[in-house]
Each structure stands twice: as structure tokens, then as C-alpha cells.
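Participant: Please find one structure pasted underneath; my questions will follow.
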Amino acid sequence: MEKTKQQDEKEPSAVSDVGAWGMNVVSSVGIIMANKQLMSTAGYAFTFATTLTGLHFGVTALVGLVSNATGYSASKHVPFWELLWFSIVANTSITGMNLSLMLNSVGFYQISKLSMIPVVCVMEWILHSKRYSKEVKMAVFVVVVGVGVCTVTDVKVNGKGFVCACIAVLSTSLQQISIGSLQKKYSIGSFELLSKTAPIQALSLIILGPFIDYYLNGKFILDYKFSSGSILFTLLSCTLAVFCNISQYLCIGRFSAVSFQVLGHMKTVCVLTLGWLLFDSQLTLKNIMGMALAVIGMVVYSWAVEVEKQSYSRIALAKTSLTEEEIRLLREGMENSNTKNDELGEAKA
């Protein structure tokens, strides 16, 4: 009976996990495809990435405001300085990534993104004393090699680009770790946390974004001529961003920052495949081998994490049963002691 109850409890949880992850993959791949059409020279040439991110968070903040006003989600208190600190780190991550892409080659940009997995592992070990099994480390290595094989081509780097890449990697890793730690620290849901941080990020990025974009591409957003197509794809991008942001917070809250990074490279595989199907991008044998290796690594990682969870649960169960045994022995000892005291009292009488 107890096993059946535990299985019944695990099934909805597993379905929710798959749903959160599915939402993240679909929305992330969708937003990349929409942005490719919106920002490429073959599309609408809207080259204002930082400002567009500000609009993404603006729509997300609006959805959160409506949700709180209608009572769909409850607002919990989180100190403003923590929200401000988190928003600064997140905005630094966005700006750093854009600058890294502009100053470095695409190959080095991909390497810097891949380096986030070991950086997150090290940061979680430093900040939360978290340790990983040999199986998890092996799976992470396989994923990194696989994605590296299918994405990294030319590798060129300069001093400024290297500094921007380092800042981007550190701030992105810290931001993703902070999402999980803030949710646990204040017992707040993923959507509630997002609805608190989104307005701060939106305001700062919409104000500073146009100047950052001007530095990146030498164009000012007020000079851009919007068309009905560019407006449509901007709205589509903002809509998909709401689901992408929500699912990111959900996934990190349910899994971990490392799992989010590792399984997140499934999106890279999907983007390469869809690029080949929809945009006539080349897909070489090297790409296919790299994607296959990355998928194998993700499967091994999922297995390793499950094995790690089971071992932790067995240790916790052993500790619990030991404590119960000690309590039982202690109670028996107390009862025997009381019986002896009663016998001595009768003897004295």
C-alpha cells in the first residue's frame, strides 16, 4: 500500500517535470527561430537584442501583474535589495553575452557557453558545498564534448572579448544558481519570483538597452522603421519569452542549475536540426556525430542523477531507521528502569 501511494505521488511529479522541461525546450527553440527571422538581414534586420530582451521582461512583468491582480498567484515578501542584486547579475549576464558574441568568433562564444556547466558545478560546490558523483561528472564531460563537436568551428579571441566572455559566464552561472536558492530561501514559487524580478529587469533594460545596442551595432532603435511583419514577429518573440522565462524558473526550481545547463543543450540539437529543415543550413557528418554524442551524454546524465537520488534516499532512510531504533531502545531502557525503581520501593516498604 505504501509503495503504491509513493508511486502515485511520483507520477504527477514526473509529469510536471516533463511538462516544465517540454515548455522550456519548445519555447526556447521557438524564440530562437522567431528572433532569427526578426534580427537577420534576410528577415527584418531588427538588430537591437538588448532592447528586445527588455521588451521580453516588460511583457513578462505585465503577465505577472495581471496574475497577482486576479488572485491567480500570491505575492510573497522578498527583500528589495535581493531582487535588485539578482536583477543586476541577470542584466550583466545578458549584456556580457551580447558583447561576447560581438567581440569574439562564434566558435569561442560557443566554448564560453559550454564552460558554464563546469563553472556552475564549481560555484555550487563553493557556495552550497554540493558534490557530484563520478557518473554525473562523466556525463557532463560527454555532453560538453558532443555539443562542442557539433557547434564549435573557428576559434578567435581577443583581450576585450575574453574579459566579456568571463563576465558573461560567471554572471549567468550565478544568476541560475540564485534562482534556485532564492526559491528555497523564501519558499516562493517560480512564477512569483519571476513576477518580482521581471519589472526591475524590464525597466533597466528598456532604459539602458538602446545605448548598449548602439554601442554594439552603431544603430539607434528610434531610426528603425517598423513594418507589420517586424511588429508581428516582435510580439511573437515577446509571447514566447513569457513561456521561456517561466519555464526556466520552473526547471531550475525543480531540478538544479547544472541539470538546466546539461539538458539545455537539447535545445542546441533541436535548433541545428530545425535550421537544417527550415533554413537550409548545412548539417555535416561532424554535426550529426556531435549531436548523437550530446544526446547520449544527456541520457547518461539523467540516469546518473536518478542513481544519485536513490543513493541519497537510501542513506536518509538508513539514518531515519537508525534513529527510530535508538528511540525504541531508549524507551525500553526507561521502562526497565521504572520497573526496577518500583520493585526497590516495594522492598523498602
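Following the order of the C-alpha cells, chains are lettered A, B, ..., residues in each are numbered from 1, and ligands are numbered from 1.
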Give me, as JSON lines, each residue of stretch 32-135 of chain A that comes within 12 Å of stretch 187-199 of chain A, together with its shortest interatomic pair and the distance in Å at one decimal, counting only C-alpha atoms, with rows ordered by chain and rising residue number.

Facilitator:
{"residue": "A:Thr53", "atom": "CA", "partner": "A:Ala198", "partner_atom": "CA", "distance": 10.8}
{"residue": "A:Gly54", "atom": "CA", "partner": "A:Ala198", "partner_atom": "CA", "distance": 9.1}
{"residue": "A:Leu55", "atom": "CA", "partner": "A:Ala198", "partner_atom": "CA", "distance": 10.3}
{"residue": "A:His56", "atom": "CA", "partner": "A:Ala198", "partner_atom": "CA", "distance": 9.0}
{"residue": "A:Phe57", "atom": "CA", "partner": "A:Ala198", "partner_atom": "CA", "distance": 5.3}
{"residue": "A:Gly58", "atom": "CA", "partner": "A:Pro199", "partner_atom": "CA", "distance": 6.4}
{"residue": "A:Val59", "atom": "CA", "partner": "A:Ala198", "partner_atom": "CA", "distance": 8.8}
{"residue": "A:Thr60", "atom": "CA", "partner": "A:Ala198", "partner_atom": "CA", "distance": 6.5}
{"residue": "A:Ala61", "atom": "CA", "partner": "A:Ala198", "partner_atom": "CA", "distance": 5.1}
{"residue": "A:Leu62", "atom": "CA", "partner": "A:Pro199", "partner_atom": "CA", "distance": 8.1}
{"residue": "A:Val63", "atom": "CA", "partner": "A:Ser195", "partner_atom": "CA", "distance": 7.9}
{"residue": "A:Gly64", "atom": "CA", "partner": "A:Ser195", "partner_atom": "CA", "distance": 4.7}
{"residue": "A:Leu65", "atom": "CA", "partner": "A:Ser195", "partner_atom": "CA", "distance": 7.1}
{"residue": "A:Val66", "atom": "CA", "partner": "A:Ser195", "partner_atom": "CA", "distance": 9.9}
{"residue": "A:Ser67", "atom": "CA", "partner": "A:Ser195", "partner_atom": "CA", "distance": 8.9}
{"residue": "A:Asn68", "atom": "CA", "partner": "A:Glu192", "partner_atom": "CA", "distance": 8.6}
{"residue": "A:Ala69", "atom": "CA", "partner": "A:Ser195", "partner_atom": "CA", "distance": 11.8}
{"residue": "A:Gly71", "atom": "CA", "partner": "A:Glu192", "partner_atom": "CA", "distance": 11.7}
{"residue": "A:Tyr72", "atom": "CA", "partner": "A:Glu192", "partner_atom": "CA", "distance": 10.3}
{"residue": "A:Ser73", "atom": "CA", "partner": "A:Glu192", "partner_atom": "CA", "distance": 6.8}
{"residue": "A:Ala74", "atom": "CA", "partner": "A:Glu192", "partner_atom": "CA", "distance": 7.0}
{"residue": "A:Ser75", "atom": "CA", "partner": "A:Glu192", "partner_atom": "CA", "distance": 6.3}
{"residue": "A:Lys76", "atom": "CA", "partner": "A:Ile188", "partner_atom": "CA", "distance": 6.6}
{"residue": "A:His77", "atom": "CA", "partner": "A:Ile188", "partner_atom": "CA", "distance": 8.7}
{"residue": "A:Val78", "atom": "CA", "partner": "A:Lys196", "partner_atom": "CA", "distance": 8.4}
{"residue": "A:Pro79", "atom": "CA", "partner": "A:Lys196", "partner_atom": "CA", "distance": 10.4}
{"residue": "A:Phe80", "atom": "CA", "partner": "A:Lys196", "partner_atom": "CA", "distance": 9.3}
{"residue": "A:Trp81", "atom": "CA", "partner": "A:Thr197", "partner_atom": "CA", "distance": 11.1}
{"residue": "A:Glu82", "atom": "CA", "partner": "A:Thr197", "partner_atom": "CA", "distance": 9.6}
{"residue": "A:Leu83", "atom": "CA", "partner": "A:Thr197", "partner_atom": "CA", "distance": 5.9}
{"residue": "A:Leu84", "atom": "CA", "partner": "A:Thr197", "partner_atom": "CA", "distance": 7.8}
{"residue": "A:Trp85", "atom": "CA", "partner": "A:Thr197", "partner_atom": "CA", "distance": 9.9}
{"residue": "A:Phe86", "atom": "CA", "partner": "A:Thr197", "partner_atom": "CA", "distance": 7.6}
{"residue": "A:Ser87", "atom": "CA", "partner": "A:Thr197", "partner_atom": "CA", "distance": 6.4}
{"residue": "A:Ile88", "atom": "CA", "partner": "A:Thr197", "partner_atom": "CA", "distance": 10.1}
{"residue": "A:Val89", "atom": "CA", "partner": "A:Thr197", "partner_atom": "CA", "distance": 11.3}
{"residue": "A:Ala90", "atom": "CA", "partner": "A:Thr197", "partner_atom": "CA", "distance": 9.6}
{"residue": "A:Asn91", "atom": "CA", "partner": "A:Ala198", "partner_atom": "CA", "distance": 10.8}

Participant: Those same residues - N, CA and C atoms - I'd like them written as a JSON list (two decimals), in the first residue's frame.

Facilitator:
[["chain", "number", "residue", "atom", "x", "y", "z"],
["A", 53, "THR", "N", 15.26, 42.19, -25.37],
["A", 53, "THR", "CA", 15.21, 41.47, -24.09],
["A", 53, "THR", "C", 14.44, 42.27, -23.04],
["A", 54, "GLY", "N", 14.64, 43.60, -23.04],
["A", 54, "GLY", "CA", 13.88, 44.46, -22.14],
["A", 54, "GLY", "C", 12.38, 44.37, -22.41],
["A", 55, "LEU", "N", 12.00, 44.31, -23.68],
["A", 55, "LEU", "CA", 10.58, 44.15, -24.04],
["A", 55, "LEU", "C", 10.07, 42.78, -23.59],
["A", 56, "HIS", "N", 10.91, 41.77, -23.70],
["A", 56, "HIS", "CA", 10.54, 40.43, -23.22],
["A", 56, "HIS", "C", 10.16, 40.47, -21.74],
["A", 57, "PHE", "N", 11.03, 41.08, -20.94],
["A", 57, "PHE", "CA", 10.76, 41.16, -19.50],
["A", 57, "PHE", "C", 9.60, 42.10, -19.18],
["A", 58, "GLY", "N", 9.38, 43.11, -20.03],
["A", 58, "GLY", "CA", 8.24, 44.01, -19.85],
["A", 58, "GLY", "C", 6.92, 43.27, -19.99],
["A", 59, "VAL", "N", 6.81, 42.42, -21.02],
["A", 59, "VAL", "CA", 5.59, 41.62, -21.22],
["A", 59, "VAL", "C", 5.45, 40.60, -20.10],
["A", 60, "THR", "N", 6.56, 39.99, -19.69],
["A", 60, "THR", "CA", 6.53, 39.02, -18.58],
["A", 60, "THR", "C", 6.07, 39.69, -17.29],
["A", 61, "ALA", "N", 6.56, 40.92, -17.02],
["A", 61, "ALA", "CA", 6.14, 41.67, -15.83],
["A", 61, "ALA", "C", 4.66, 42.00, -15.89],
["A", 62, "LEU", "N", 4.15, 42.32, -17.08],
["A", 62, "LEU", "CA", 2.72, 42.63, -17.25],
["A", 62, "LEU", "C", 1.87, 41.40, -16.96],
["A", 63, "VAL", "N", 2.31, 40.24, -17.43],
["A", 63, "VAL", "CA", 1.59, 38.99, -17.17],
["A", 63, "VAL", "C", 1.58, 38.70, -15.67],
["A", 64, "GLY", "N", 2.71, 38.92, -15.00],
["A", 64, "GLY", "CA", 2.80, 38.72, -13.55],
["A", 64, "GLY", "C", 1.90, 39.67, -12.79],
["A", 65, "LEU", "N", 1.80, 40.92, -13.25],
["A", 65, "LEU", "CA", 0.94, 41.92, -12.61],
["A", 65, "LEU", "C", -0.52, 41.53, -12.71],
["A", 66, "VAL", "N", -0.92, 41.10, -13.90],
["A", 66, "VAL", "CA", -2.31, 40.66, -14.11],
["A", 66, "VAL", "C", -2.62, 39.42, -13.26],
["A", 67, "SER", "N", -1.64, 38.50, -13.20],
["A", 67, "SER", "CA", -1.82, 37.27, -12.42],
["A", 67, "SER", "C", -2.01, 37.58, -10.93],
["A", 68, "ASN", "N", -1.21, 38.52, -10.39],
["A", 68, "ASN", "CA", -1.35, 38.91, -8.98],
["A", 68, "ASN", "C", -2.66, 39.64, -8.72],
["A", 69, "ALA", "N", -3.07, 40.50, -9.67],
["A", 69, "ALA", "CA", -4.30, 41.29, -9.51],
["A", 69, "ALA", "C", -5.55, 40.41, -9.53],
["A", 71, "GLY", "N", -5.59, 37.32, -8.54],
["A", 71, "GLY", "CA", -5.51, 36.33, -7.47],
["A", 71, "GLY", "C", -5.05, 34.96, -7.91],
["A", 72, "TYR", "N", -4.59, 34.86, -9.16],
["A", 72, "TYR", "CA", -4.11, 33.56, -9.66],
["A", 72, "TYR", "C", -2.82, 33.16, -8.94],
["A", 73, "SER", "N", -1.96, 34.15, -8.64],
["A", 73, "SER", "CA", -0.73, 33.86, -7.91],
["A", 73, "SER", "C", -0.64, 34.78, -6.68],
["A", 74, "ALA", "N", -0.04, 34.26, -5.62],
["A", 74, "ALA", "CA", 0.10, 35.03, -4.38],
["A", 74, "ALA", "C", 1.47, 35.70, -4.34],
["A", 75, "SER", "N", 1.50, 36.90, -3.78],
["A", 75, "SER", "CA", 2.75, 37.65, -3.69],
["A", 75, "SER", "C", 3.38, 37.44, -2.31],
["A", 76, "LYS", "N", 4.62, 36.95, -2.29],
["A", 76, "LYS", "CA", 5.35, 36.75, -1.04],
["A", 76, "LYS", "C", 6.47, 37.78, -0.92],
["A", 77, "HIS", "N", 6.82, 38.07, 0.32],
["A", 77, "HIS", "CA", 7.83, 39.12, 0.54],
["A", 77, "HIS", "C", 9.24, 38.59, 0.28],
["A", 78, "VAL", "N", 9.96, 39.33, -0.56],
["A", 78, "VAL", "CA", 11.39, 39.11, -0.79],
["A", 78, "VAL", "C", 12.05, 40.48, -0.66],
["A", 79, "PRO", "N", 13.09, 40.61, 0.15],
["A", 79, "PRO", "CA", 13.75, 41.92, 0.32],
["A", 79, "PRO", "C", 14.14, 42.54, -1.01],
["A", 80, "PHE", "N", 13.89, 43.86, -1.12],
["A", 80, "PHE", "CA", 14.16, 44.55, -2.39],
["A", 80, "PHE", "C", 15.63, 44.47, -2.79],
["A", 81, "TRP", "N", 16.53, 44.52, -1.81],
["A", 81, "TRP", "CA", 17.96, 44.50, -2.15],
["A", 81, "TRP", "C", 18.36, 43.18, -2.79],
["A", 82, "GLU", "N", 17.68, 42.07, -2.40],
["A", 82, "GLU", "CA", 17.96, 40.78, -3.03],
["A", 82, "GLU", "C", 17.47, 40.76, -4.47],
["A", 83, "LEU", "N", 16.28, 41.33, -4.70],
["A", 83, "LEU", "CA", 15.73, 41.41, -6.05],
["A", 83, "LEU", "C", 16.61, 42.30, -6.94],
["A", 84, "LEU", "N", 17.08, 43.41, -6.36],
["A", 84, "LEU", "CA", 17.93, 44.34, -7.11],
["A", 84, "LEU", "C", 19.27, 43.68, -7.46],
["A", 85, "TRP", "N", 19.85, 42.98, -6.49],
["A", 85, "TRP", "CA", 21.12, 42.29, -6.72],
["A", 85, "TRP", "C", 20.95, 41.24, -7.81],
["A", 86, "PHE", "N", 19.88, 40.45, -7.73],
["A", 86, "PHE", "CA", 19.62, 39.42, -8.73],
["A", 86, "PHE", "C", 19.45, 40.05, -10.12],
["A", 87, "SER", "N", 18.71, 41.16, -10.21],
["A", 87, "SER", "CA", 18.47, 41.83, -11.49],
["A", 87, "SER", "C", 19.76, 42.37, -12.09],
["A", 88, "ILE", "N", 20.64, 42.90, -11.24],
["A", 88, "ILE", "CA", 21.94, 43.41, -11.73],
["A", 88, "ILE", "C", 22.76, 42.26, -12.32],
["A", 89, "VAL", "N", 22.79, 41.11, -11.60],
["A", 89, "VAL", "CA", 23.53, 39.94, -12.08],
["A", 89, "VAL", "C", 22.94, 39.44, -13.40],
["A", 90, "ALA", "N", 21.59, 39.37, -13.47],
["A", 90, "ALA", "CA", 20.93, 38.87, -14.68],
["A", 90, "ALA", "C", 21.17, 39.80, -15.87],
["A", 91, "ASN", "N", 21.08, 41.11, -15.65],
["A", 91, "ASN", "CA", 21.32, 42.07, -16.74],
["A", 91, "ASN", "C", 22.78, 42.07, -17.17]]

Participant: Using only C-alpha atoms, what does the table of stretch 282-311 of chain A residues within 10 Å of stretch 266-270 of chain A look like, with each row giving the shortest atom pair and its distance in Å to one decimal, sorted by chain and ascending number, as CSV?

Facilitator:
residue,atom,partner,partner_atom,distance
A:Asn287,CA,A:Val269,CA,9.2
A:Ile288,CA,A:Val269,CA,9.2
A:Gly290,CA,A:Val269,CA,9.1
A:Met291,CA,A:Val269,CA,6.0
A:Ala292,CA,A:Val269,CA,9.0
A:Ala294,CA,A:Met266,CA,8.0
A:Val295,CA,A:Met266,CA,7.2
A:Met298,CA,A:Met266,CA,8.0

Participant: How would the residues just picked look written out with all heavy atoms as a PDB file, in the first residue's frame?

Facilitator:
ATOM      1  N   ASN A 287      28.563  17.339 -37.462  1.00  0.00           N
ATOM      2  CA  ASN A 287      27.424  17.831 -36.688  1.00  0.00           C
ATOM      3  C   ASN A 287      26.575  16.687 -36.138  1.00  0.00           C
ATOM      4  O   ASN A 287      26.190  16.682 -34.970  1.00  0.00           O
ATOM      5  CB  ASN A 287      26.531  18.739 -37.543  1.00  0.00           C
ATOM      6  CG  ASN A 287      27.225  20.011 -37.983  1.00  0.00           C
ATOM      7  OD1 ASN A 287      27.105  20.427 -39.122  1.00  0.00           O
ATOM      8  ND2 ASN A 287      27.970  20.647 -37.092  1.00  0.00           N
ATOM      9  N   ILE A 288      26.292  15.724 -37.011  1.00  0.00           N
ATOM     10  CA  ILE A 288      25.434  14.589 -36.629  1.00  0.00           C
ATOM     11  C   ILE A 288      26.098  13.760 -35.528  1.00  0.00           C
ATOM     12  O   ILE A 288      25.453  13.366 -34.553  1.00  0.00           O
ATOM     13  CB  ILE A 288      25.128  13.706 -37.870  1.00  0.00           C
ATOM     14  CG1 ILE A 288      24.287  14.504 -38.879  1.00  0.00           C
ATOM     15  CG2 ILE A 288      24.388  12.436 -37.461  1.00  0.00           C
ATOM     16  CD1 ILE A 288      24.159  13.839 -40.231  1.00  0.00           C
ATOM     17  N   GLY A 290      28.381  14.784 -33.394  1.00  0.00           N
ATOM     18  CA  GLY A 290      28.391  15.589 -32.168  1.00  0.00           C
ATOM     19  C   GLY A 290      27.047  15.585 -31.481  1.00  0.00           C
ATOM     20  O   GLY A 290      26.967  15.453 -30.243  1.00  0.00           O
ATOM     21  N   MET A 291      25.961  15.726 -32.263  1.00  0.00           N
ATOM     22  CA  MET A 291      24.608  15.724 -31.689  1.00  0.00           C
ATOM     23  C   MET A 291      24.290  14.370 -31.061  1.00  0.00           C
ATOM     24  O   MET A 291      23.691  14.303 -29.985  1.00  0.00           O
ATOM     25  CB  MET A 291      23.578  16.078 -32.762  1.00  0.00           C
ATOM     26  CG  MET A 291      23.590  17.539 -33.169  1.00  0.00           C
ATOM     27  SD  MET A 291      22.169  18.040 -34.175  1.00  0.00           S
ATOM     28  CE  MET A 291      22.507  17.184 -35.686  1.00  0.00           C
ATOM     29  N   ALA A 292      24.686  13.280 -31.741  1.00  0.00           N
ATOM     30  CA  ALA A 292      24.445  11.937 -31.194  1.00  0.00           C
ATOM     31  C   ALA A 292      25.186  11.752 -29.876  1.00  0.00           C
ATOM     32  O   ALA A 292      24.629  11.227 -28.898  1.00  0.00           O
ATOM     33  CB  ALA A 292      24.882  10.881 -32.204  1.00  0.00           C
ATOM     34  N   ALA A 294      26.115  14.146 -27.817  1.00  0.00           N
ATOM     35  CA  ALA A 294      25.480  15.016 -26.816  1.00  0.00           C
ATOM     36  C   ALA A 294      24.219  14.374 -26.245  1.00  0.00           C
ATOM     37  O   ALA A 294      23.981  14.402 -25.028  1.00  0.00           O
ATOM     38  CB  ALA A 294      25.142  16.366 -27.437  1.00  0.00           C
ATOM     39  N   VAL A 295      23.413  13.767 -27.119  1.00  0.00           N
ATOM     40  CA  VAL A 295      22.171  13.109 -26.670  1.00  0.00           C
ATOM     41  C   VAL A 295      22.497  11.924 -25.766  1.00  0.00           C
ATOM     42  O   VAL A 295      21.845  11.714 -24.729  1.00  0.00           O
ATOM     43  CB  VAL A 295      21.327  12.660 -27.887  1.00  0.00           C
ATOM     44  CG1 VAL A 295      20.162  11.779 -27.440  1.00  0.00           C
ATOM     45  CG2 VAL A 295      20.785  13.873 -28.644  1.00  0.00           C
ATOM     46  N   MET A 298      23.361  13.243 -22.416  1.00  0.00           N
ATOM     47  CA  MET A 298      22.172  13.690 -21.677  1.00  0.00           C
ATOM     48  C   MET A 298      21.428  12.502 -21.060  1.00  0.00           C
ATOM     49  O   MET A 298      20.939  12.579 -19.930  1.00  0.00           O
ATOM     50  CB  MET A 298      21.230  14.464 -22.601  1.00  0.00           C
ATOM     51  CG  MET A 298      21.775  15.822 -23.027  1.00  0.00           C
ATOM     52  SD  MET A 298      20.758  16.594 -24.293  1.00  0.00           S
ATOM     53  CE  MET A 298      21.962  17.689 -25.050  1.00  0.00           C
TER      54      MET A 298
END

Participant: Under the rule that only C-alpha atoms are counted, which of A:Met123, A:Lys134, A:Ala49, A:Ala168 is the nearest residue to A:Ile32?

Facilitator: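 Among the listed residues, the smallest separation from A:Ile32 belongs to A:Ala49.
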